[in-house]
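So this block is entry_34.cif, mmCIF, C-alpha atoms and all ligand atoms:
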data_model
loop_
_atom_site.label_atom_id
_atom_site.label_comp_id
_atom_site.auth_asym_id
_atom_site.auth_seq_id
_atom_site.Cartn_x
_atom_site.Cartn_y
_atom_site.Cartn_z
CA MET A 1 91.74 78.26 83.62
CA HIS A 2 95.40 77.69 82.94
CA LEU A 3 98.35 79.74 84.15
CA TYR A 4 101.58 80.20 82.17
CA THR A 5 104.27 81.56 84.42
CA GLN A 6 107.72 81.40 85.87
CA SER A 7 106.81 81.08 89.53
CA LEU A 8 110.10 82.39 90.90
CA SER A 9 110.20 85.52 88.74
CA PRO A 10 108.92 88.65 90.52
CA ASN A 11 105.81 89.02 88.36
CA GLY A 12 105.16 85.28 88.42
CA ARG A 13 105.45 85.39 92.19
CA ARG A 14 102.92 88.22 92.39
CA VAL A 15 100.30 85.87 90.99
CA SER A 16 101.39 82.79 92.95
CA VAL A 17 101.43 84.63 96.31
CA PHE A 18 98.07 86.21 95.45
CA MET A 19 96.64 82.76 94.70
CA LYS A 20 97.87 81.53 98.09
CA GLU A 21 96.29 84.55 99.81
CA LYS A 22 93.00 83.54 98.18
CA GLY A 23 93.39 79.76 98.49
CA ILE A 24 93.06 79.39 94.71
CA GLU A 25 94.80 76.62 92.77
CA ILE A 26 95.17 76.71 88.98
CA ASP A 27 96.74 74.24 86.53
CA THR A 28 100.10 75.76 85.69
CA THR A 29 102.73 75.50 82.99
CA GLU A 30 106.19 76.74 83.96
CA VAL A 31 107.67 78.75 81.09
CA ASP A 32 111.46 78.53 80.72
CA LEU A 33 112.56 82.15 80.33
CA ARG A 34 116.24 81.22 80.04
CA ARG A 35 115.47 79.10 76.98
CA ALA A 36 113.24 81.92 75.64
CA GLU A 37 110.11 79.75 75.58
CA ASN A 38 108.26 83.01 76.20
CA LEU A 39 109.41 84.25 72.80
CA SER A 40 108.15 81.25 70.80
CA ASP A 41 105.38 81.85 68.25
CA ASP A 42 103.05 79.73 70.36
CA TYR A 43 103.65 81.86 73.46
CA LEU A 44 103.51 85.16 71.55
CA ASN A 45 100.02 84.18 70.40
CA LYS A 46 99.07 84.21 74.09
CA ASN A 47 100.91 87.44 74.92
CA PRO A 48 102.48 89.42 72.06
CA PHE A 49 104.71 91.18 74.62
CA GLY A 50 106.31 87.82 75.41
CA ARG A 51 106.22 88.16 79.18
CA VAL A 52 104.99 85.95 82.02
CA PRO A 53 102.55 85.51 83.65
CA VAL A 54 99.56 84.83 81.37
CA LEU A 55 96.25 83.39 82.55
CA LYS A 56 94.04 81.59 80.04
CA LEU A 57 90.46 82.19 81.12
CA ASP A 58 87.67 79.65 80.67
CA SER A 59 86.26 81.98 77.99
CA GLY A 60 89.45 81.38 75.98
CA VAL A 61 90.78 84.91 76.57
CA TYR A 62 94.49 85.21 77.42
CA LEU A 63 94.96 87.69 80.25
CA SER A 64 98.43 89.09 80.89
CA GLU A 65 99.81 91.72 83.31
CA SER A 66 100.15 90.31 86.81
CA GLN A 67 98.01 93.01 88.44
CA ALA A 68 95.19 92.41 85.92
CA ILE A 69 95.37 88.67 86.60
CA CYS A 70 95.17 89.30 90.36
CA LYS A 71 92.19 91.61 89.84
CA PHE A 72 90.41 88.87 87.90
CA LEU A 73 91.14 86.36 90.69
CA GLU A 74 89.80 88.85 93.26
CA GLY A 75 86.55 88.86 91.26
CA ILE A 76 86.36 85.07 91.42
CA LYS A 77 87.18 84.94 95.12
CA PRO A 78 86.56 88.28 96.84
CA ASP A 79 87.81 87.18 100.29
CA PRO A 80 90.18 88.18 101.70
CA ASN A 81 89.79 91.56 100.03
CA LEU A 82 93.08 92.86 98.64
CA PHE A 83 91.90 95.48 96.12
CA GLY A 84 89.65 97.69 98.25
CA ILE A 85 86.27 97.38 99.94
CA ASP A 86 84.76 100.53 98.40
CA TYR A 87 85.68 102.92 95.62
CA GLU A 88 87.68 105.24 97.88
CA GLU A 89 89.81 102.46 99.30
CA ALA A 90 90.15 100.90 95.82
CA ALA A 91 91.48 104.22 94.49
CA ILE A 92 93.98 104.53 97.35
CA ILE A 93 95.19 100.97 96.75
CA GLU A 94 95.47 101.73 93.02
CA MET A 95 97.57 104.79 93.88
CA TRP A 96 99.93 102.72 96.00
CA SER A 97 100.10 99.90 93.46
CA ARG A 98 101.14 102.36 90.76
CA ARG A 99 103.64 104.07 93.05
CA VAL A 100 105.22 100.71 93.86
CA GLU A 101 105.23 99.50 90.24
CA LEU A 102 106.53 102.70 88.66
CA ASN A 103 108.94 103.91 91.36
CA ILE A 104 110.34 100.69 92.86
CA LEU A 105 109.53 97.65 90.70
CA MET A 106 110.51 99.23 87.38
CA PRO A 107 113.88 100.65 88.51
CA VAL A 108 114.73 97.39 90.32
CA ALA A 109 113.86 95.43 87.16
CA MET A 110 115.88 97.82 84.98
CA GLY A 111 118.78 97.53 87.42
CA PHE A 112 118.65 93.74 87.34
CA ARG A 113 118.30 93.48 83.57
CA ASN A 114 120.99 96.03 82.73
CA ILE A 115 123.57 95.18 85.40
CA THR A 116 123.41 91.39 85.08
CA GLY A 117 122.64 91.23 81.36
CA PHE A 118 120.37 88.29 82.20
CA PHE A 119 118.33 88.83 79.01
CA LYS A 120 121.17 90.09 76.83
CA ASP A 121 120.26 87.50 74.20
CA ARG A 122 117.06 89.47 73.55
CA GLU A 123 117.61 93.11 74.51
CA LYS A 124 120.24 95.85 74.49
CA VAL A 125 121.95 96.04 77.87
CA VAL A 126 123.27 99.34 79.27
CA PRO A 127 125.06 98.69 82.60
CA GLU A 128 125.25 102.40 83.45
CA TRP A 129 121.46 102.67 83.07
CA GLY A 130 121.19 99.73 85.45
CA GLU A 131 123.33 101.50 88.07
CA VAL A 132 121.30 104.71 87.73
CA SER A 133 118.07 102.71 88.06
CA ILE A 134 119.22 101.18 91.36
CA GLU A 135 120.05 104.66 92.67
CA VAL A 136 116.52 105.76 91.70
CA ALA A 137 115.03 102.77 93.55
CA LYS A 138 117.15 103.60 96.62
CA ASP A 139 115.95 107.21 96.60
CA ASN A 140 112.31 106.21 96.16
CA ILE A 141 112.40 103.63 98.94
CA LYS A 142 113.30 106.47 101.35
CA LEU A 143 109.86 107.99 100.67
CA ILE A 144 108.22 104.71 101.62
CA GLU A 145 110.40 104.45 104.72
CA SER A 146 109.07 107.85 105.89
CA HIS A 147 105.51 106.96 104.92
CA LEU A 148 105.62 103.81 107.07
CA ALA A 149 106.79 105.71 110.17
CA ASP A 150 103.25 105.87 111.57
CA LYS A 151 101.55 103.13 109.57
CA GLN A 152 101.57 99.36 109.78
CA TYR A 153 100.94 98.92 106.04
CA LEU A 154 101.02 101.12 102.95
CA ILE A 155 97.36 102.19 103.20
CA GLY A 156 97.29 102.26 107.01
CA ASP A 157 96.20 99.44 109.24
CA ARG A 158 95.53 96.73 106.73
CA TYR A 159 97.45 94.68 104.16
CA CYS A 160 96.60 95.03 100.46
CA ILE A 161 97.95 94.05 97.04
CA ALA A 162 100.37 97.00 96.98
CA ASP A 163 102.12 95.61 100.12
CA MET A 164 102.32 92.21 98.45
CA THR A 165 103.91 93.65 95.31
CA LEU A 166 106.40 95.77 97.24
CA ALA A 167 107.51 92.86 99.45
CA ILE A 168 108.04 90.63 96.40
CA VAL A 169 110.07 93.31 94.63
CA LEU A 170 112.26 93.89 97.70
CA ASP A 171 112.79 90.12 98.11
CA PHE A 172 113.82 89.93 94.47
CA ALA A 173 116.15 92.94 94.80
CA LYS A 174 117.87 91.23 97.73
CA THR A 175 118.40 87.96 95.87
CA VAL A 176 120.11 89.88 93.09
CA GLY A 177 122.39 91.76 95.49
CA GLN A 178 120.42 94.99 95.98
CA ASP A 179 119.34 95.22 99.60
CA LEU A 180 116.65 97.89 99.94
CA LEU A 181 115.40 96.51 103.27
CA GLY A 182 117.94 98.22 105.50
CA SER A 183 115.87 101.00 107.04
CA GLU A 184 113.90 100.56 110.27
CA ASN A 185 110.29 100.99 109.15
CA ILE A 186 110.74 99.04 105.91
CA ALA A 187 112.43 96.20 107.85
CA ARG A 188 109.57 96.06 110.40
CA TRP A 189 106.91 96.21 107.66
CA HIS A 190 108.73 93.58 105.54
CA ALA A 191 109.03 91.14 108.46
CA ASP A 192 105.29 91.54 109.05
CA VAL A 193 104.33 90.92 105.40
CA ASN A 194 106.83 88.09 104.98
CA ALA A 195 105.35 86.29 108.01
CA ARG A 196 102.08 85.81 106.12
CA PRO A 197 101.44 82.14 105.24
CA ALA A 198 101.12 83.09 101.54
CA PHE A 199 104.79 84.13 101.59
CA SER A 200 106.09 80.88 103.05
N1 LIG B 301 104.06 94.27 83.55
C1 LIG B 301 104.17 92.84 83.37
C2 LIG B 301 105.67 92.50 83.41
C3 LIG B 301 105.93 91.03 83.13
C4 LIG B 301 107.42 90.73 83.08
O1 LIG B 301 108.27 91.60 82.86
N2 LIG B 301 107.75 89.44 83.30
C5 LIG B 301 109.13 89.01 83.27
C6 LIG B 301 109.39 88.07 84.45
S1 LIG B 301 109.27 88.96 85.99
C7 LIG B 301 109.40 88.24 81.97
O2 LIG B 301 108.50 87.60 81.45
N3 LIG B 301 110.64 88.30 81.46
C8 LIG B 301 111.02 87.55 80.30
C9 LIG B 301 111.72 88.36 79.25
O3 LIG B 301 111.92 89.59 79.45
O4 LIG B 301 112.05 87.79 78.20
C10 LIG B 301 103.39 92.10 84.46
O5 LIG B 301 103.10 92.71 85.50
O6 LIG B 301 103.01 90.94 84.28
#

Is it possible to express this structure as structure tokens?
Amino acid sequence: MHLYTQSLSPNGRRVSVFMKEKGIEIDTTEVDLRRAENLSDDYLNKNPFGRVPVLKLDSGVYLSESQAICKFLEGIKPDPNLFGIDYEEAAIIEMWSRRVELNILMPVAMGFRNITGFFKDREKVVPEWGEVSIEVAKDNIKLIESHLADKQYLIGDRYCIADMTLAIVLDFAKTVGQDLLGSENIARWHADVNARPAFS
């Protein structure tokens, strides 16, 4: 296997933290997003959407989408379980993963991309859309704050991939000046998740 990633990017970090949770090591090539290496013909043959991360499987297949890569790695190394121990728990974790991706990760990413213009060499940037996106993320995080009032983790008393994704997104938001960690339950939950060795 070979991993193409930018380890410090939020989606790159999703795979690298997941690998640490599992104790998996994979040969890795760091892709320079600033220099648009991810938009070269060679890279687009691996992922036509031109995004990191991509995992080349031993079968020769190029797998992209960080959650899909993590799911594959869970299949290789099932312990510790992060995707659900039976179909009911797997469905609940899927629900939370999608809630986190669609309602927090996406608006934070849109905020970052449109406010900073980090990728303005390759996409249209609309700062106002960025500001609106951050407001959306701030509203949505309030729902998670309430949800965590009587729970240690998103699905209850145990950590799963949805917690990992949310913590990485909130870390990223903070580094780009959007602190969504202010409320009590989120702060307690975040300290707990961030204390995991995989996050060090
Ligand atoms: N849904 C994809 C999103 C991947 C993505 O947006 N990656 C960003 C880094 S976090 C990227 O490659 N950006 C480079 C660019 O937009 O040119 C996933 O989960 O892997």

Using all atoms listed in the file, find each residue of chain A with at least one atom at most 7 Å away from an atom of ligand LIG 301 (chain B); report its shortest atom-to-atom pair and that distance in Å (one decimal), sort the rows by chain and rising residue number, and return the result as a tab-separated table.
residue	atom	partner	partner_atom	distance
A:Ser9	CA	B:LIG301	S1	4.5
A:Pro10	CA	B:LIG301	S1	4.6
A:Asn11	CA	B:LIG301	S1	4.2
A:Gly12	CA	B:LIG301	S1	6.0
A:Leu33	CA	B:LIG301	C8	5.6
A:Ala36	CA	B:LIG301	O4	6.5
A:Asn38	CA	B:LIG301	O4	6.4
A:Leu39	CA	B:LIG301	O4	7.0
A:Gly50	CA	B:LIG301	O4	6.4
A:Arg51	CA	B:LIG301	O2	3.3
A:Val52	CA	B:LIG301	O2	3.9
A:Pro53	CA	B:LIG301	O6	5.5
A:Ser64	CA	B:LIG301	O6	6.0
A:Glu65	CA	B:LIG301	O6	3.4
A:Ser66	CA	B:LIG301	O6	3.9
A:Gln67	CA	B:LIG301	O5	5.9
A:Phe119	CA	B:LIG301	O4	6.4

Per residue of segment 56-167 of chain A within 9 Å of segment 18-30 of chain A, record the nearest atom pair and its distance in Å to one decimal, counting all atoms listed in the file, with rows in chain order and ascending residue number, as a Markdown table.
| residue | atom | partner | partner_atom | distance |
| --- | --- | --- | --- | --- |
| A:Cys70 | CA | A:Phe18 | CA | 6.6 |
| A:Leu73 | CA | A:Met19 | CA | 7.7 |
| A:Glu74 | CA | A:Lys22 | CA | 7.9 |
| A:Lys77 | CA | A:Lys22 | CA | 6.7 |
| A:Pro78 | CA | A:Lys22 | CA | 8.1 |
| A:Asp79 | CA | A:Lys22 | CA | 6.7 |
| A:Pro80 | CA | A:Lys22 | CA | 6.5 |
| A:Asn81 | CA | A:Lys22 | CA | 8.8 |
| A:Leu82 | CA | A:Phe18 | CA | 8.9 |
| A:Ile161 | CA | A:Phe18 | CA | 8.0 |
| A:Met164 | CA | A:Phe18 | CA | 7.9 |

Kindly assemble as a tab-separated table a list of the segment 106-129 of chain A residues that lie within 12 Å of segment 140-143 of chain A, each paired with its nearest atom pair and their distance in Å to one decimal, using all atoms listed in the file, sorted first by chain and then by ascending residue number.
residue	atom	partner	partner_atom	distance
A:Met106	CA	A:Asn140	CA	11.4
A:Pro107	CA	A:Asn140	CA	9.6
A:Val108	CA	A:Asn140	CA	10.9

Store the residues of this selection in a file with C-alpha atoms, as a compact mmCIF listing (two decimals), in the frame of the given file.
# COMPACT_ATOMS: atom_id res chain seq x y z
CA MET A 106 110.51 99.23 87.38
CA PRO A 107 113.88 100.65 88.51
CA VAL A 108 114.73 97.39 90.32

Min atom-atom distance to Met110 of chain A from the set A:Asn194, A:Asn45, A:Gln152, A:Ser133, counting only C-alpha atoms, belongs to A:Ser133

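If you measure from each of A:Phe199, A:Trp96, A:Trp189, A:Phe49 to Asp150 of chain A using all atoms listed in the file, the closest one turns out to be A:Trp189.
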
Which residues, protein or nucleic acid, reach to within 9 Å of (99.2, 83.9, 80.4) in the file's coordinates when using only C-alpha atoms, and can you give that as number ranges by chain?
A: 2-5, 43, 46-47, 51-57, 62-65, 69

Could you write out that same residue set with C-alpha atoms as a compact mmCIF listing (two decimals), in the frame of the given file?
# COMPACT_ATOMS: atom_id res chain seq x y z
CA HIS A 2 95.40 77.69 82.94
CA LEU A 3 98.35 79.74 84.15
CA TYR A 4 101.58 80.20 82.17
CA THR A 5 104.27 81.56 84.42
CA TYR A 43 103.65 81.86 73.46
CA LYS A 46 99.07 84.21 74.09
CA ASN A 47 100.91 87.44 74.92
CA ARG A 51 106.22 88.16 79.18
CA VAL A 52 104.99 85.95 82.02
CA PRO A 53 102.55 85.51 83.65
CA VAL A 54 99.56 84.83 81.37
CA LEU A 55 96.25 83.39 82.55
CA LYS A 56 94.04 81.59 80.04
CA LEU A 57 90.46 82.19 81.12
CA TYR A 62 94.49 85.21 77.42
CA LEU A 63 94.96 87.69 80.25
CA SER A 64 98.43 89.09 80.89
CA GLU A 65 99.81 91.72 83.31
CA ILE A 69 95.37 88.67 86.60

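In this model, the gap between atom CA of Ser97 of chain A and atom CA of Ala162 of chain A comes to 4.6 Å.
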
Would you mind listing what lies within 10 Å of segment 171-176 of chain A as an MDAnalysis selection string, with all atoms listed in the file counted and same-chain residues fewer than 6 positions away left out?
chainID A and resid 8:10 13 104:105 108:109 111:112 115:116 134 137 165 190 194

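Taking all atoms listed in the file into account, Arg14 of chain A lies nearest to A:Ala68 out of the set A:Leu181, A:Ile76, A:Ala68, A:Val125.
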
Figure out the distance between atom CA of Ala167 of chain A and atom CA of Ser7 of chain A, please, to one decimal in Å.
15.4 Å

May I have the residues at most 12 Å from (125.1, 103.1, 95.7) in the file's coordinates, counting all atoms listed in the file, as a list in words?
Gly111, Gly130, Glu131, Val132, Ser133, Ile134, Glu135, Val136, Ala137, Lys138, Asp139, Gly177, Gln178, Asp179 and Leu180 of chain A

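Comparing A:Val15, A:Leu44, A:Val126, A:Ile186 by their smallest distance to Ala149 of chain A, the closest is A:Ile186 (using only C-alpha atoms).
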
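The shortest atom-to-atom distance to Arg34 of chain A, with all atoms listed in the file taken into account, belongs to A:Asp121 out of A:Asp192, A:Glu94, A:Asp86, A:Asp121.
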
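One distance worth recording is that between atom CA of Ser16 of chain A and atom CA of Asn103 of chain A, which is 22.5 Å.
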